[in-house]
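Student: Handing you a structure now.
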Amino acid sequence: MRVRVRLVLGRLFDIGEARTAFGRALLQERYRALQRQVPLLYAIALANFLGLLVAAGTHNFTLFHPANLLIVLVILRLVHWLRTRHATPPPRRILVELRRTLVLAFLLSVGFGYAAILLLSQTAGHAQDLVMLFAALAAIGCAYGLTSFPAAARMPLLLFALPLSVRLAFSPDPAHVGVGISLALVTFLILRLVNIHNDSFVQLVRSRSEVENERGRAQRAEREALAEKARVRQVADTDPLTGLANRRAFIATLRGRLEAPAAPAFALALMDLDGFKPINDTFGHAAGDGVLIEVAERLRGEVDDGAMAARIGGDEFGLILPCGTEAALTKAGARACAALGLPYRVDGREFRISASAGLVVLVPGDSDVTTALSRADAALYAAKDKGRGCVALFTAAIAEANQRRVAIERALMDPTICETISLCYQPVFNLRSGALRAFEALARWTDPALGPIAPSEFIPIAEQINVIEGISDGLLGRAAAEAACWPDAIRLSFNLSAVQLCSPRSAARLIAIVKGRGLDPSRLQIEVTETAMLVDFATARLNLERLRAAGARILLDDFGAGFASISYLREMMFDAIKIDGSLIRGVPESDVAVRLLKGVLDLCASLRVPCVAEHIETDAQAALLRDLGCREGQGFALAPPMHPGEARALAAAEVIPFEVPTSLSA
């Protein structure tokens, strides 16, 4: 029974809770309604109470009369609610305020009820009627004003109106009994209306709360979708290894800067790492990745606010920089290259690379992305031509060189390009006997519009635009057909590019081309450079082994011009080593040059690999090379490159074409 009574009382005088979202929303709505209603409620209560006192004819109150205390309490609460009518306290603070309101409603209801019953007992006649009127109006008015807070709304009904109706119901005056019964019925009716209003109020708040929750969920879902979209965009625009912007983001930013109206000029820089690929090939991609991560960190340190650094390729980086003077831009590029040229430590190893940079000043509206990148790329090529770790700013001279490069690219893309490139043949002689040993096939190209174009100029371009295989295969076929007309003792020496050397199926294709032109592969000499083998050493080694297995001889070309790595001499089987002309130039005039040349020849002799000297320009050079033990040589001092007919005639001759130089020691 006690539990049931406690449950009923708890339901009647429930204030609310702040633990759930709906509970907090209900508290806030009740409080907002009270902020609007309570000041009016207290005004009604005060007016009716004063009317009640006036109607009862009570004028002689002492200072501490209970009626005066009630009036003071009502005025204080009225002032309090007027001062806080615009405040929005948190739910827990509202809970405290509602509890206080409930207690005050209890006290005021008891006080007003007691005062009304007391006045009713002390008056008679018309004054009693007025007391009943004002008391009923005060109780019902207060209850109606508190309908948004039913626990408090029930107080004036249960503690004020109901006791008054009971008092009237037991009055000896039949009229008062009727009024008491009527007031009791109205009290219960208003209690019912308070419950109905509360149910509607709760349902309204619940619906609004659900709508707000749905809206909140929708907004959260939208924020999450936007955040996910931003994350996806960031992932799509970020290089996963270095954390820099990737090529996509870099191009988009560059395009935006170029298309921005009335935007200031800015600078574009393209940077390329020199010597990075050997790190990947020798120490693995983990070491290479470590270097790239450190490169990115150093570039971040070199760019200021408003600048952008991006990784746009394997070992290629791009910068968008604020525009300054040409000297300032060149200095900024040199500073970035210097930062990237410092040693790198990855997994306990130290690596050294360098970086070249090409810069161009861009004015929005004057060029598109393709043109801007082309100019920066041209400046980068110019920087690389200066040497490793250099910087070049795009100029009119570079623009002219770039136009020539573009024209060469366009000409090389012509399907009939092989027909316009001719071949000449430079003889290779035995330096001791003077016997003709081989002809090296050399490409010669004279374009009607561009004039003579050296192989050192067009071959790298052909490699970069992926047409070198077709050109080289065509030239090898023509050279093989020509060599088939020479005596069997004379070999054809042919240079392979890096692309051919590192193509997985190039060995079989080259052998088929040579055999198809009637030349035995044993008469073929393949010349390769260290630089070409650096591109893909494993594939290059496999191709060379297959070519040797077919009978071809393998020559290491330009030894001494590149890295001159001893490891290649140890790991690869070469049939001969061609000494670069840079080691021969300056001898015999320079003792240092002679000692260096002798050291290289002694090294080859210790490996039992014969040497071929190229670019022999004087008889003294030829004589020195013969004395130092160099077996074969070629150069203008012996014979210049020849047209096919001249080479055929020389090959058929029975005489030694040049006089063997006298030994310098003789």
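Residue numbering restarts at 1 in every chain; chains get A, B, ... in the order shown in the structure tokens, and ligands count up from 1 in that same order.
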Pick out the residues sitting within 12 Å of range 95-100 of chain A, and hand them over as a VMD selection string; count only C-alpha atoms, and ignore anything fewer than 5 positions along from it in its own chain.
Tutor: chain A and resid 13 to 19 23 to 35 38 77 80 to 81 84 88 to 90 105 to 107 146 148 to 153
Student: Can you spit out the residues from that selection as a CSV table (one decimal), in the first residue's frame, using N, CA and C atoms?
Tutor:
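Here's the written file part-v1.csv:
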```
chain,number,residue,atom,x,y,z
A,13,PHE,N,3.5,14.6,-8.4
A,13,PHE,CA,4.4,15.7,-8.1
A,13,PHE,C,5.7,15.5,-8.8
A,14,ASP,N,5.7,14.8,-10.0
A,14,ASP,CA,6.9,14.6,-10.8
A,14,ASP,C,7.4,15.9,-11.4
A,15,ILE,N,8.7,16.1,-11.2
A,15,ILE,CA,9.3,17.4,-11.7
A,15,ILE,C,9.9,17.2,-13.1
A,16,GLY,N,10.5,16.0,-13.3
A,16,GLY,CA,11.3,15.7,-14.5
A,16,GLY,C,12.7,15.2,-14.2
A,17,GLU,N,13.4,15.0,-15.3
A,17,GLU,CA,14.8,14.5,-15.1
A,17,GLU,C,15.7,15.1,-16.2
A,18,ALA,N,17.0,15.1,-15.9
A,18,ALA,CA,17.9,15.7,-16.9
A,18,ALA,C,18.9,14.6,-17.4
A,19,ARG,N,18.6,13.3,-17.3
A,19,ARG,CA,19.5,12.3,-17.7
A,19,ARG,C,19.4,12.0,-19.2
A,23,GLY,N,14.3,14.1,-21.6
A,23,GLY,CA,14.1,14.7,-20.3
A,23,GLY,C,14.6,16.1,-20.2
A,24,ARG,N,15.8,16.3,-20.8
A,24,ARG,CA,16.3,17.7,-20.8
A,24,ARG,C,15.5,18.6,-21.7
A,25,ALA,N,15.0,18.1,-22.8
A,25,ALA,CA,14.2,19.0,-23.7
A,25,ALA,C,12.9,19.3,-23.0
A,26,LEU,N,12.3,18.4,-22.3
A,26,LEU,CA,11.0,18.7,-21.5
A,26,LEU,C,11.3,19.7,-20.4
A,27,LEU,N,12.4,19.6,-19.7
A,27,LEU,CA,12.7,20.6,-18.7
A,27,LEU,C,12.8,22.0,-19.3
A,28,GLN,N,13.5,22.1,-20.4
A,28,GLN,CA,13.7,23.4,-21.0
A,28,GLN,C,12.4,24.0,-21.5
A,29,GLU,N,11.5,23.1,-22.1
A,29,GLU,CA,10.3,23.7,-22.6
A,29,GLU,C,9.4,24.1,-21.4
A,30,ARG,N,9.3,23.3,-20.3
A,30,ARG,CA,8.6,23.7,-19.1
A,30,ARG,C,9.1,25.0,-18.6
A,31,TYR,N,10.4,25.2,-18.5
A,31,TYR,CA,11.0,26.4,-18.0
A,31,TYR,C,10.7,27.6,-18.9
A,32,ARG,N,10.7,27.4,-20.2
A,32,ARG,CA,10.4,28.5,-21.1
A,32,ARG,C,9.0,29.0,-20.9
A,33,ALA,N,8.1,28.0,-20.8
A,33,ALA,CA,6.7,28.3,-20.6
A,33,ALA,C,6.5,29.0,-19.3
A,34,LEU,N,7.1,28.6,-18.2
A,34,LEU,CA,7.0,29.2,-16.9
A,34,LEU,C,7.5,30.6,-17.0
A,35,GLN,N,8.6,30.9,-17.7
A,35,GLN,CA,9.2,32.2,-17.8
A,35,GLN,C,8.1,33.2,-18.4
A,38,VAL,N,4.7,32.6,-15.3
A,38,VAL,CA,4.7,32.8,-13.9
A,38,VAL,C,4.6,34.2,-13.5
A,77,ARG,N,9.1,36.7,-5.5
A,77,ARG,CA,9.2,35.7,-6.6
A,77,ARG,C,8.8,36.3,-8.0
A,80,HIS,N,11.9,38.0,-9.1
A,80,HIS,CA,12.9,37.0,-9.5
A,80,HIS,C,12.6,36.5,-10.9
A,81,TRP,N,11.3,36.2,-11.2
A,81,TRP,CA,11.0,35.7,-12.5
A,81,TRP,C,11.1,36.8,-13.6
A,84,THR,N,14.8,36.9,-14.6
A,84,THR,CA,15.4,35.8,-15.3
A,84,THR,C,14.5,35.3,-16.5
A,88,THR,N,18.7,31.4,-20.0
A,88,THR,CA,18.5,30.0,-20.5
A,88,THR,C,19.5,29.2,-19.8
A,89,PRO,N,19.1,28.8,-18.5
A,89,PRO,CA,20.0,28.0,-17.7
A,89,PRO,C,20.1,26.5,-18.2
A,90,PRO,N,21.2,25.8,-17.8
A,90,PRO,CA,21.3,24.4,-18.2
A,90,PRO,C,20.2,23.6,-17.6
A,105,ALA,N,5.2,26.8,-4.4
A,105,ALA,CA,3.8,26.6,-4.8
A,105,ALA,C,3.0,25.9,-3.6
A,106,PHE,N,3.7,24.9,-3.0
A,106,PHE,CA,3.2,24.2,-1.8
A,106,PHE,C,2.9,25.2,-0.7
A,107,LEU,N,3.9,26.1,-0.4
A,107,LEU,CA,3.8,27.0,0.7
A,107,LEU,C,2.7,28.1,0.4
A,146,LEU,N,-0.1,27.6,-14.2
A,146,LEU,CA,1.0,26.6,-14.0
A,146,LEU,C,0.8,25.3,-14.8
A,148,SER,N,1.8,24.3,-17.6
A,148,SER,CA,3.0,23.7,-18.2
A,148,SER,C,3.9,23.0,-17.2
A,149,PHE,N,3.6,23.2,-15.9
A,149,PHE,CA,4.3,22.5,-14.8
A,149,PHE,C,3.2,21.8,-13.9
A,150,PRO,N,2.7,20.7,-14.3
A,150,PRO,CA,1.5,20.1,-13.6
A,150,PRO,C,1.7,19.8,-12.2
A,151,ALA,N,2.9,19.4,-11.8
A,151,ALA,CA,3.2,19.1,-10.4
A,151,ALA,C,2.9,20.4,-9.5
A,152,ALA,N,3.3,21.6,-10.0
A,152,ALA,CA,3.0,22.8,-9.3
A,152,ALA,C,1.6,23.2,-9.5
A,153,ALA,N,1.0,23.0,-10.7
A,153,ALA,CA,-0.4,23.4,-11.0
A,153,ALA,C,-1.4,22.6,-10.1
```
Student: Using only C-alpha atoms, which residues sit within 6 Å of Asp575 in chain A once same-chain residues fewer than 2 positions away are excluded, as number ranges by chain?
Tutor: A: 553-555
Student: Would you mind exporting the chosen residues as an mmCIF file, in the first residue's frame, restricted to C-alpha atoms?
Tutor:
```cif
data_model
loop_
_atom_site.group_PDB
_atom_site.id
_atom_site.type_symbol
_atom_site.label_atom_id
_atom_site.label_comp_id
_atom_site.auth_asym_id
_atom_site.auth_seq_id
_atom_site.Cartn_x
_atom_site.Cartn_y
_atom_site.Cartn_z
ATOM 1 C CA ARG A 553 80.422 -9.640 -77.950
ATOM 2 C CA ILE A 554 79.593 -7.148 -75.156
ATOM 3 C CA LEU A 555 81.608 -3.936 -74.771
#
```
Student: For Pro261 in chain A, please output as a PDB file with N, CA and C atoms, in the first residue's frame all residues within 10 Å (counting only C-alpha atoms; exclusion window: fewer than 4 positions along the same chain).
Tutor:
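Wrote out_19.pdb, looks like this:
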```pdb
ATOM      1  N   GLY A 256      44.322  26.681 -60.971  1.00  0.00           N
ATOM      2  CA  GLY A 256      43.571  27.730 -60.293  1.00  0.00           C
ATOM      3  C   GLY A 256      44.331  29.043 -60.224  1.00  0.00           C
ATOM      4  N   ARG A 257      45.624  28.963 -59.975  1.00  0.00           N
ATOM      5  CA  ARG A 257      46.434  30.189 -59.909  1.00  0.00           C
ATOM      6  C   ARG A 257      46.537  30.844 -61.280  1.00  0.00           C
ATOM      7  N   PRO A 364      49.167  35.053 -64.348  1.00  0.00           N
ATOM      8  CA  PRO A 364      47.847  34.478 -64.631  1.00  0.00           C
ATOM      9  C   PRO A 364      47.248  35.054 -65.902  1.00  0.00           C
ATOM     10  N   GLY A 365      46.695  34.159 -66.710  1.00  0.00           N
ATOM     11  CA  GLY A 365      46.078  34.566 -67.960  1.00  0.00           C
ATOM     12  C   GLY A 365      47.003  34.526 -69.154  1.00  0.00           C
TER      13      GLY A 365
END
```
Student: List every residue of range 193-409 of chain A that DSSP, applied to the backbone, labels as helix (DSSP H, G or I), and write the result as a VMD selection string.
Tutor: chain A and resid 193 to 237 247 to 259 277 to 283 285 to 302 326 to 340 369 to 386 396 to 409
Student: Could you state the separation of CA of Pro588 in chain A and CA of Glu440 in chain A in Å, given to one decimal place?
Tutor: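 Taking CA of Pro588 in chain A as the start and CA of Glu440 in chain A as the end point, the length is 25.5 Å.
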Student: Distance CA of Thr238 in chain A-CA of Glu294 in chain A, one decimal place?
Tutor: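 These two atoms are separated by 16.2 Å.
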Student: Fewer than 6 positions away in the same chain doesn't count, so skip those; otherwise give me all residues within 12 Å of Ala483 in chain A, counting only C-alpha atoms, as a PyMOL selection string.
Tutor: chain A and resi 423-425+438-441+476-477+489-494+514-515+517-521+523-525+644-645+647-648+651-652
Student: Write out as a PyMOL selection string the residues lying within 12 Å of Ala355 in chain A, counting only C-alpha atoms and excluding same-chain residues fewer than 6 positions away.
Tutor: chain A and resi 269-276+295+299+315-318+333-342+380+383-384+387-392
Student: Kindly save the residues from that selection, with C-alpha atoms included, as a PDB file, in the first residue's frame.
Tutor:
```
ATOM      1  CA  ALA A 269      59.688  25.202 -59.929  1.00  0.00           C
ATOM      2  CA  LEU A 270      60.243  21.603 -61.007  1.00  0.00           C
ATOM      3  CA  MET A 271      62.901  19.633 -59.131  1.00  0.00           C
ATOM      4  CA  ASP A 272      64.448  16.302 -60.047  1.00  0.00           C
ATOM      5  CA  LEU A 273      66.690  14.165 -57.839  1.00  0.00           C
ATOM      6  CA  ASP A 274      70.054  13.153 -59.311  1.00  0.00           C
ATOM      7  CA  GLY A 275      71.460   9.794 -58.246  1.00  0.00           C
ATOM      8  CA  PHE A 276      68.301   8.552 -56.546  1.00  0.00           C
ATOM      9  CA  VAL A 295      63.353  15.115 -49.054  1.00  0.00           C
ATOM     10  CA  LEU A 299      61.112  20.926 -48.851  1.00  0.00           C
ATOM     11  CA  ASP A 315      61.678  11.393 -57.639  1.00  0.00           C
ATOM     12  CA  GLU A 316      60.206  14.593 -59.074  1.00  0.00           C
ATOM     13  CA  PHE A 317      58.900  17.454 -56.965  1.00  0.00           C
ATOM     14  CA  GLY A 318      57.121  20.690 -57.762  1.00  0.00           C
ATOM     15  CA  GLY A 333      65.919  27.480 -55.956  1.00  0.00           C
ATOM     16  CA  ALA A 334      69.605  27.167 -55.115  1.00  0.00           C
ATOM     17  CA  ARG A 335      68.780  27.101 -51.400  1.00  0.00           C
ATOM     18  CA  ALA A 336      66.271  24.269 -51.932  1.00  0.00           C
ATOM     19  CA  CYS A 337      68.764  22.320 -54.046  1.00  0.00           C
ATOM     20  CA  ALA A 338      71.448  22.831 -51.410  1.00  0.00           C
ATOM     21  CA  ALA A 339      69.067  21.545 -48.706  1.00  0.00           C
ATOM     22  CA  LEU A 340      68.356  18.414 -50.740  1.00  0.00           C
ATOM     23  CA  GLY A 341      72.058  17.927 -51.425  1.00  0.00           C
ATOM     24  CA  LEU A 342      72.961  17.383 -47.771  1.00  0.00           C
ATOM     25  CA  LEU A 380      65.028  21.896 -65.615  1.00  0.00           C
ATOM     26  CA  ALA A 383      69.821  23.126 -65.228  1.00  0.00           C
ATOM     27  CA  LYS A 384      70.790  19.495 -65.766  1.00  0.00           C
ATOM     28  CA  GLY A 387      75.657  19.721 -64.043  1.00  0.00           C
ATOM     29  CA  ARG A 388      74.245  18.150 -60.914  1.00  0.00           C
ATOM     30  CA  GLY A 389      72.663  20.333 -58.253  1.00  0.00           C
ATOM     31  CA  CYS A 390      72.189  23.348 -60.529  1.00  0.00           C
ATOM     32  CA  VAL A 391      69.321  25.811 -60.994  1.00  0.00           C
ATOM     33  CA  ALA A 392      68.075  27.483 -64.171  1.00  0.00           C
TER      34      ALA A 392
END
```
Student: Set the distance at 9 Å and use only C-alpha atoms: which residues neighbour Asn198 in chain A once local chain neighbours fewer than 3 positions away are removed? I'd like the list as a list in words.
Tutor: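 The filter keeps Thr147, Ser148, Phe149, Pro150, Leu193, Val194, Asn195, Phe201, Val202 and Gln203 of chain A.
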Student: Leaving out Ala236 in chain A and any residue of its chain fewer than 2 positions from it, which residues lie within 9 Å of it when counting only C-alpha atoms, given as a VMD selection string?
Tutor: chain A and resid 231 to 234 238 to 239 246 248 to 249
Student: Please, what distance in Å, to one decimal, runs between CA of Lys578 in chain A and CA of Leu556 in chain A?
Tutor: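 The value is 5.9 Å.
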Student: My list of candidates is A:Leu650, A:Leu50, A:Leu292, A:Ala21. Which is closest to Glu212 in chain A when distances are computed with only C-alpha atoms?
Tutor: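 Among A:Leu650, A:Leu50, A:Leu292, A:Ala21, it is A:Ala21 that comes nearest to Glu212 in chain A.
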